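Below is the file input_11.cif, which contains mmCIF, C-alpha atoms.
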```cif
data_data
loop_
_atom_site.label_atom_id
_atom_site.label_comp_id
_atom_site.auth_asym_id
_atom_site.auth_seq_id
_atom_site.Cartn_x
_atom_site.Cartn_y
_atom_site.Cartn_z
CA MET X 49 -55.05 6.84 -49.18
CA THR X 50 -53.55 3.77 -50.87
CA GLN X 51 -50.09 5.31 -50.93
CA THR X 52 -50.39 6.41 -47.32
CA ARG X 53 -51.39 2.92 -46.26
CA ARG X 54 -48.41 1.45 -48.11
CA GLU X 55 -46.12 3.91 -46.39
CA MET X 56 -47.64 2.96 -43.07
CA LEU X 57 -47.19 -0.75 -43.76
CA GLY X 58 -43.61 -0.12 -44.84
CA ALA X 59 -42.92 1.77 -41.65
CA VAL X 60 -44.41 -1.03 -39.57
CA GLY X 61 -42.34 -3.59 -41.45
CA ALA X 62 -39.18 -1.58 -40.98
CA ALA X 63 -39.91 -1.25 -37.28
CA GLY X 64 -40.39 -4.98 -37.07
CA LEU X 65 -37.07 -5.59 -38.72
CA PHE X 66 -35.41 -3.12 -36.36
CA VAL X 67 -36.84 -4.89 -33.31
CA ALA X 68 -35.87 -8.25 -34.73
CA GLY X 69 -32.38 -6.94 -35.35
CA ARG X 70 -32.06 -5.73 -31.79
CA SER X 71 -33.33 -9.06 -30.52
CA ALA X 72 -30.90 -10.98 -32.69
CA SER X 73 -27.96 -8.85 -31.61
CA ALA X 74 -28.89 -9.45 -27.98
CA GLN X 75 -28.96 -13.20 -28.54
CA ALA X 76 -25.70 -13.54 -30.46
CA PRO X 77 -22.51 -11.43 -30.27
CA ARG X 78 -21.94 -9.19 -33.24
CA GLY X 79 -19.45 -10.74 -35.59
CA SER X 80 -19.33 -14.05 -33.74
CA VAL X 81 -17.64 -16.95 -35.52
CA ALA X 82 -18.12 -20.70 -35.51
CA ASP X 83 -17.29 -22.51 -32.30
CA ASP X 84 -14.74 -24.62 -34.15
CA PHE X 85 -12.89 -21.69 -35.74
CA ARG X 86 -9.14 -22.11 -35.66
CA ILE X 87 -6.47 -19.74 -36.97
CA SER X 88 -5.40 -20.97 -40.39
CA ASN X 89 -3.43 -18.26 -42.21
CA LYS X 90 -0.95 -17.83 -39.34
CA ARG X 91 0.72 -14.85 -40.98
CA ILE X 92 0.07 -12.81 -37.84
CA ARG X 93 1.66 -14.47 -34.81
CA GLN X 94 -1.16 -13.99 -32.34
CA SER X 95 -0.89 -13.93 -28.56
CA VAL X 96 -3.22 -12.94 -25.72
CA MET X 97 -2.85 -10.76 -22.64
CA GLY X 98 -3.85 -12.80 -19.62
CA TRP X 99 -5.07 -10.06 -17.27
CA CYS X 100 -7.90 -9.14 -19.63
CA PHE X 101 -9.57 -12.49 -19.04
CA ASN X 102 -9.56 -12.49 -15.24
CA PRO X 103 -10.98 -14.26 -13.30
CA MET X 104 -10.44 -17.08 -15.81
CA LYS X 105 -7.57 -19.28 -14.66
CA SER X 106 -4.38 -18.79 -16.65
CA VAL X 107 -4.13 -22.47 -17.51
CA ASP X 108 -7.72 -22.54 -18.78
CA LEU X 109 -7.04 -19.47 -20.92
CA ALA X 110 -3.92 -21.15 -22.28
CA LYS X 111 -5.98 -24.19 -23.26
CA HIS X 112 -8.45 -22.01 -25.15
CA CYS X 113 -5.54 -20.28 -26.89
CA ARG X 114 -4.21 -23.64 -27.99
CA ASP X 115 -7.62 -24.72 -29.29
CA ILE X 116 -8.12 -21.46 -31.23
CA GLY X 117 -4.60 -21.64 -32.64
CA LEU X 118 -2.96 -18.69 -30.90
CA GLU X 119 0.79 -19.08 -30.74
CA ALA X 120 1.54 -17.44 -27.40
CA ILE X 121 0.37 -15.92 -24.14
CA GLU X 122 1.60 -13.05 -21.93
CA GLY X 123 0.52 -11.10 -18.86
CA ILE X 124 0.25 -14.17 -16.63
CA SER X 125 2.31 -15.03 -13.57
CA PRO X 126 5.64 -16.73 -14.38
CA LYS X 127 4.55 -19.61 -12.15
CA TYR X 128 2.13 -20.58 -14.93
CA TYR X 129 4.73 -20.40 -17.70
CA PRO X 130 5.62 -24.12 -17.48
CA GLU X 131 2.01 -25.21 -17.91
CA ALA X 132 1.44 -22.81 -20.80
CA ARG X 133 4.58 -24.06 -22.52
CA GLU X 134 3.56 -27.68 -21.96
CA LEU X 135 0.39 -26.84 -23.89
CA GLY X 136 2.58 -25.73 -26.78
CA LEU X 137 2.33 -21.97 -26.24
CA LYS X 138 5.21 -19.52 -26.29
CA ILE X 139 5.61 -16.63 -23.85
CA SER X 140 5.42 -13.49 -25.98
CA LEU X 141 6.25 -10.78 -23.43
CA VAL X 142 7.60 -10.77 -19.85
CA SER X 143 6.35 -8.16 -17.34
CA SER X 144 8.64 -5.99 -15.23
CA HIS X 145 8.16 -2.92 -13.02
CA GLY X 146 4.64 -1.85 -13.96
CA PHE X 147 3.36 1.37 -15.51
CA LYS X 148 2.76 3.48 -12.39
CA THR X 149 6.18 3.41 -10.73
CA GLY X 150 8.69 3.99 -13.51
CA PRO X 151 11.97 5.74 -14.26
CA PHE X 152 10.41 9.20 -14.60
CA ASN X 153 11.39 9.58 -10.94
CA PRO X 154 15.05 8.64 -10.28
CA ALA X 155 14.04 7.39 -6.84
CA ASN X 156 12.58 4.39 -8.70
CA HIS X 157 15.70 3.59 -10.71
CA THR X 158 17.16 0.92 -8.46
CA MET X 159 13.86 -0.93 -8.30
CA CYS X 160 13.24 -0.61 -12.05
CA ALA X 161 16.74 -1.79 -12.95
CA GLU X 162 16.50 -4.80 -10.64
CA LYS X 163 13.11 -5.81 -11.98
CA LEU X 164 14.14 -5.34 -15.60
CA ARG X 165 17.27 -7.46 -15.19
CA ALA X 166 15.30 -10.17 -13.39
CA SER X 167 12.69 -10.13 -16.16
CA ILE X 168 15.40 -10.32 -18.81
CA ASP X 169 16.69 -13.47 -17.11
CA ILE X 170 13.20 -14.96 -17.10
CA ALA X 171 12.78 -14.09 -20.78
CA VAL X 172 16.01 -15.92 -21.61
CA GLU X 173 14.88 -18.93 -19.59
CA VAL X 174 11.55 -19.27 -21.38
CA GLY X 175 12.69 -18.22 -24.83
CA CYS X 176 10.73 -14.96 -24.88
CA PRO X 177 12.06 -12.14 -27.10
CA SER X 178 10.94 -9.12 -25.08
CA VAL X 179 10.48 -7.50 -21.68
CA ILE X 180 8.06 -4.63 -21.22
CA THR X 181 8.99 -1.29 -19.69
CA PHE X 182 7.15 1.98 -19.00
CA THR X 183 7.95 5.61 -18.28
CA GLY X 184 5.85 5.78 -15.13
CA MET X 185 3.60 8.65 -14.10
CA ARG X 186 4.41 12.35 -14.08
CA GLU X 187 5.24 13.61 -10.58
CA GLU X 188 5.12 17.06 -9.07
CA GLY X 189 8.48 18.76 -8.93
CA ILE X 190 9.96 16.90 -11.92
CA SER X 191 9.78 18.67 -15.27
CA ASP X 192 9.06 16.76 -18.47
CA GLU X 193 12.59 17.51 -19.68
CA GLN X 194 14.14 16.10 -16.53
CA GLY X 195 11.72 13.16 -16.51
CA ALA X 196 12.67 12.28 -20.07
CA LYS X 197 16.36 12.33 -19.15
CA ASN X 198 15.65 10.18 -16.11
CA CYS X 199 13.89 7.58 -18.25
CA VAL X 200 16.67 7.45 -20.83
CA ASP X 201 19.34 7.22 -18.12
CA LEU X 202 17.62 4.22 -16.54
CA TRP X 203 17.18 2.38 -19.83
CA LYS X 204 20.77 3.07 -20.81
CA SER X 205 21.89 1.50 -17.54
CA VAL X 206 20.05 -1.73 -18.37
CA ILE X 207 20.17 -1.97 -22.15
CA GLY X 208 23.70 -3.41 -22.20
CA TYR X 209 22.47 -6.35 -20.14
CA ALA X 210 19.53 -6.81 -22.52
CA GLU X 211 21.88 -6.73 -25.52
CA LYS X 212 24.16 -9.30 -23.92
CA LYS X 213 21.21 -11.61 -23.30
CA GLY X 214 19.62 -11.00 -26.72
CA ILE X 215 16.41 -9.55 -25.27
CA ASN X 216 14.47 -6.44 -26.32
CA LEU X 217 13.15 -3.84 -23.91
CA CYS X 218 9.78 -2.68 -25.23
CA LEU X 219 8.53 0.72 -24.07
CA GLU X 220 4.75 0.83 -24.03
CA HIS X 221 2.94 4.01 -25.00
CA LEU X 222 -0.33 4.41 -23.02
CA ASN X 223 -3.26 6.79 -23.35
CA SER X 224 -3.92 9.40 -20.68
CA ARG X 225 -7.39 10.38 -21.99
CA ASP X 226 -9.67 7.76 -20.46
CA GLY X 227 -10.07 7.98 -16.70
CA SER X 228 -13.24 5.87 -16.56
CA HIS X 229 -11.51 2.59 -15.71
CA PRO X 230 -8.09 1.76 -14.21
CA MET X 231 -7.05 -0.22 -17.31
CA LYS X 232 -8.80 1.66 -20.11
CA GLY X 233 -6.60 4.72 -19.71
CA HIS X 234 -3.94 6.14 -17.43
CA PRO X 235 -4.28 9.87 -16.68
CA GLY X 236 -0.91 11.27 -15.68
CA TYR X 237 1.17 8.71 -17.59
CA PHE X 238 4.29 10.40 -18.97
CA GLY X 239 4.73 8.36 -22.15
CA ASP X 240 1.32 9.19 -23.61
CA ASP X 241 2.56 10.51 -26.97
CA VAL X 242 3.79 7.75 -29.26
CA ASP X 243 5.96 10.12 -31.31
CA PHE X 244 7.69 11.29 -28.13
CA CYS X 245 8.16 7.67 -26.99
CA VAL X 246 10.01 6.97 -30.22
CA LYS X 247 12.30 9.93 -29.53
CA LEU X 248 13.08 8.50 -26.09
CA ILE X 249 13.88 5.14 -27.68
CA GLU X 250 16.18 6.80 -30.21
CA GLN X 251 18.07 8.53 -27.38
CA VAL X 252 18.83 5.15 -25.81
CA GLY X 253 20.60 4.29 -29.05
CA SER X 254 20.30 0.51 -29.05
CA PRO X 255 18.73 -1.94 -31.51
CA ASN X 256 17.37 -3.76 -28.45
CA MET X 257 15.32 -0.76 -27.28
CA LYS X 258 11.92 -1.05 -28.96
CA LEU X 259 8.40 0.40 -29.00
CA LEU X 260 5.38 -1.54 -27.85
CA PHE X 261 2.82 -0.21 -30.33
CA ASP X 262 -0.56 -0.57 -28.64
CA ILE X 263 -3.05 0.09 -31.44
CA TYR X 264 -5.82 1.07 -29.03
CA HIS X 265 -3.67 3.57 -27.12
CA VAL X 266 -2.22 5.04 -30.33
CA GLN X 267 -5.71 5.50 -31.76
CA MET X 268 -6.78 7.23 -28.55
CA MET X 269 -3.85 9.66 -28.37
CA ASN X 270 -2.44 10.11 -31.86
CA GLY X 271 -4.47 8.30 -34.54
CA ASP X 272 -3.22 7.79 -38.11
CA VAL X 273 -2.40 4.23 -37.06
CA ILE X 274 -1.44 2.67 -40.39
CA ARG X 275 0.85 5.54 -41.38
CA ARG X 276 2.59 5.38 -38.00
CA ILE X 277 3.08 1.63 -38.33
CA GLY X 278 5.02 2.26 -41.52
CA GLN X 279 6.83 5.24 -40.04
CA TYR X 280 8.04 3.39 -36.93
CA LYS X 281 8.45 -0.12 -38.32
CA ASP X 282 12.16 -0.20 -37.50
CA VAL X 283 11.61 0.39 -33.77
CA ILE X 284 8.39 -1.55 -33.19
CA GLY X 285 9.04 -4.71 -31.20
CA HIS X 286 5.52 -5.74 -30.13
CA TYR X 287 1.85 -4.97 -30.78
CA HIS X 288 -1.31 -4.95 -28.66
CA THR X 289 -4.90 -4.79 -29.89
CA ALA X 290 -8.26 -3.63 -28.52
CA GLY X 291 -11.38 -1.95 -29.81
CA ASN X 292 -12.07 1.74 -29.36
CA PRO X 293 -13.99 3.24 -27.68
CA GLY X 294 -14.04 1.23 -24.50
CA ARG X 295 -11.16 -1.20 -25.04
CA GLY X 296 -13.70 -3.86 -25.98
CA GLU X 297 -13.82 -6.56 -28.64
CA LEU X 298 -12.69 -6.04 -32.23
CA ASP X 299 -16.30 -6.06 -33.41
CA ASP X 300 -18.58 -3.72 -35.33
CA THR X 301 -19.31 -1.54 -32.30
CA GLN X 302 -15.86 0.04 -32.44
CA GLU X 303 -14.02 2.37 -34.81
CA ILE X 304 -10.73 0.59 -35.47
CA ASN X 305 -10.71 -1.46 -38.68
CA TYR X 306 -8.32 -4.26 -37.82
CA PRO X 307 -7.89 -6.31 -41.04
CA PRO X 308 -6.14 -3.49 -42.98
CA ILE X 309 -4.05 -2.72 -39.89
CA MET X 310 -2.90 -6.34 -39.75
CA LYS X 311 -2.08 -6.19 -43.46
CA ALA X 312 -0.09 -2.99 -42.88
CA ILE X 313 1.87 -4.75 -40.14
CA LEU X 314 2.66 -7.63 -42.49
CA ALA X 315 3.73 -5.18 -45.20
CA THR X 316 6.50 -3.89 -42.91
CA GLY X 317 8.02 -7.36 -42.66
CA TYR X 318 7.26 -7.60 -38.94
CA LYS X 319 7.83 -11.12 -37.55
CA GLY X 320 6.98 -10.60 -33.88
CA PHE X 321 3.82 -11.07 -31.84
CA VAL X 322 0.47 -9.29 -31.91
CA ALA X 323 -1.28 -9.78 -28.57
CA GLN X 324 -5.03 -9.46 -28.07
CA GLU X 325 -5.46 -7.06 -25.13
CA PHE X 326 -9.15 -6.16 -25.19
CA ILE X 327 -11.43 -6.36 -22.15
CA PRO X 328 -14.25 -8.80 -23.02
CA THR X 329 -17.81 -7.52 -22.80
CA TRP X 330 -19.55 -10.43 -24.51
CA ASP X 331 -21.24 -13.01 -22.29
CA ASP X 332 -18.74 -15.59 -23.54
CA PRO X 333 -15.16 -14.23 -23.35
CA VAL X 334 -13.81 -17.25 -25.22
CA ALA X 335 -16.13 -16.49 -28.14
CA ALA X 336 -14.83 -12.91 -28.02
CA LEU X 337 -11.23 -14.16 -28.21
CA ARG X 338 -12.11 -16.53 -31.04
CA HIS X 339 -13.70 -13.68 -32.94
CA ALA X 340 -10.70 -11.38 -32.43
CA ALA X 341 -8.39 -14.15 -33.63
CA SER X 342 -10.47 -14.52 -36.80
CA VAL X 343 -10.43 -10.76 -37.46
CA CYS X 344 -6.63 -10.67 -37.24
CA ASP X 345 -6.02 -13.87 -39.20
CA VAL X 346 -5.53 -12.05 -42.50
#
```
As structure tokens, please, write out the structure in this file.
Amino acid sequence: MTQTRREMLGAVGAAGLFVAGRSASAQAPRGSVADDFRISNKRIRQSVMGWCFNPMKSVDLAKHCRDIGLEAIEGISPKYYPEARELGLKISLVSSHGFKTGPFNPANHTMCAEKLRASIDIAVEVGCPSVITFTGMREEGISDEQGAKNCVDLWKSVIGYAEKKGINLCLEHLNSRDGSHPMKGHPGYFGDDVDFCVKLIEQVGSPNMKLLFDIYHVQMMNGDVIRRIGQYKDVIGHYHTAGNPGRGELDDTQEINYPPIMKAILATGYKGFVAQEFIPTWDDPVAALRHAASVCDV
């Protein structure tokens, strides 16, 4: 009876700890850091993707980036670039034609080329190294082989202008698995295999045609993230982060272990930007950004 009672008391105590743990996790975000945390190592040049923090005003987000010690911002309207730069931030990536309407369909080529050239000009103006590009969505009546050729043809028509201006075009690989949210995944996106995206880049045949290696999307579609970082280091021109599953914070609820990934990026000699592109779920999105910055400040 004595042993049984001890076991019972132990079970009650364990249950109490479990409840307390749940209560504590509800009160404070997992992995939260001090309110005054500021990036100190600065080996990873961190940026942030503005759309993730809507409806926060771009200027307010830029101020938080400055206070946390992030170097740059992207994914905001160019009309806010001057204010962000006045705060001491760089622009890490300039948007272009969007991921839905891309060069997979040649009917989009004129629009894509015009937007890419205009974005290249903006990048030059603000001292940004890169402009983003996408394949677009698969469309009925266009085979994958023809769609691939269409994409390469469009990029070849613009890459000379990018080379002349000293700007990289960065092709972003996106996952097509998650259809639960319009920005967590993109069913029907053509460039959903990172290995295939690299082959498209190689066909363009320019040192200014690069891969935007989105760690979240690569984990979703291909995995083996660290090995692929080493494998594709010569064509990677930009990185994005997010937790998986759910594209949430870089906390202990997700499966991607970011510190060794950041160290792997550094081991390749990469000198570009790594942009935080997670969708905040914590009550305080600024605390979430501060935490992500601390995780990547290796």
Near segment 143-156 of chain X, within 8 Å and counting all atoms listed in the file, which residues show up once chain neighbours fewer than 6 positions away are dropped, as a compact mmCIF listing (two decimals) with C-alpha atoms, in the coordinates of the input?
```
# COMPACT_ATOMS: atom_id res chain seq x y z
CA GLY X 123 0.52 -11.10 -18.86
CA LYS X 163 13.11 -5.81 -11.98
CA LEU X 164 14.14 -5.34 -15.60
CA SER X 167 12.69 -10.13 -16.16
CA VAL X 179 10.48 -7.50 -21.68
CA ILE X 180 8.06 -4.63 -21.22
CA THR X 181 8.99 -1.29 -19.69
CA PHE X 182 7.15 1.98 -19.00
CA THR X 183 7.95 5.61 -18.28
CA GLY X 184 5.85 5.78 -15.13
CA MET X 185 3.60 8.65 -14.10
CA ARG X 186 4.41 12.35 -14.08
CA GLU X 187 5.24 13.61 -10.58
CA ILE X 190 9.96 16.90 -11.92
CA GLY X 195 11.72 13.16 -16.51
CA ALA X 196 12.67 12.28 -20.07
CA ASN X 198 15.65 10.18 -16.11
CA CYS X 199 13.89 7.58 -18.25
CA LEU X 202 17.62 4.22 -16.54
CA TYR X 237 1.17 8.71 -17.59
CA PHE X 238 4.29 10.40 -18.97
```
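When all atoms listed in the file are used to measure the gap to Ser88 of chain X, the shortest distance among X:Ile207, X:Leu217, X:Val343, X:Leu260 belongs to X:Val343.
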The PyMOL selection byres ((chain X and resi 271) around 12) on the file shown: which residues, as a count of residues only? 23
Neighbour list for segment 297-299 of chain X as a PyMOL selection string, cut-off 10 Å, all atoms listed in the file, skip fewer than 3 positions in-chain: chain X and resi 77-80+289-294+302-306+324-330+333+336-337+339-344
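The coordinates place atom CA of Phe244 of chain X at 17.5 Å from atom CA of Tyr287 of chain X.
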So which residues fall inside 8 Å of (-4.4, -12.6, -26.7) if we count only C-alpha atoms? Mind giving them as a PyMOL selection string? chain X and resi 94-98+113+118+120-122+322-325+337
As a check of understanding: the span from atom CA of Cys160 of chain X to atom CA of Asp201 of chain X is 11.6 Å
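One finds atom CA of Pro307 of chain X at 23.0 Å from atom CA of Leu141 of chain X.
Nearest residue to Glu134 of chain X, choosing from X:Leu222, X:Ile116, X:Val174, X:Ala335 and counting all atoms listed in the file: X:Val174.
If all atoms listed in the file are the atoms counted, then among X:Ile249, X:Cys100, X:Val334, X:Ala315 the closest residue to Lys197 of chain X is X:Ile249.
Nearest residue to Gly317 of chain X, choosing from X:Gly239, X:Gly278, X:Gly296, X:Pro177 and counting only C-alpha atoms: X:Gly278.
Using all atoms listed in the file for every distance, the candidate list X:Gly175, X:Gly189, X:Gly227, X:Pro308 yields X:Gly175 as the residue closest to Gly214 of chain X.
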Pick from X:Gln279, X:Ser125, X:Gln251, X:Asn256 nearest to Ser178 of chain X, counting all atoms listed in the file: X:Asn256
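Selection by the PyMOL selection byres ((chain X and resi 132) around 9) on the present file picks out Ser106, Val107, Ala110, Lys111, Ala120, Ile121, Tyr128, Tyr129, Pro130, Glu131, Arg133, Glu134, Leu135, Gly136, Leu137, Lys138 and Ile139 of chain X.
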Report as JSON the centre and the edge lengths, in Å to one decimal, of the axis-aligned box holding every listed atom of segment 204-214 of chain X, padded by 4 Å on each side.
```
{"center_x": 21.8, "center_y": -4.3, "center_z": -22.1, "size_x": 12.6, "size_y": 22.7, "size_z": 17.2}
```
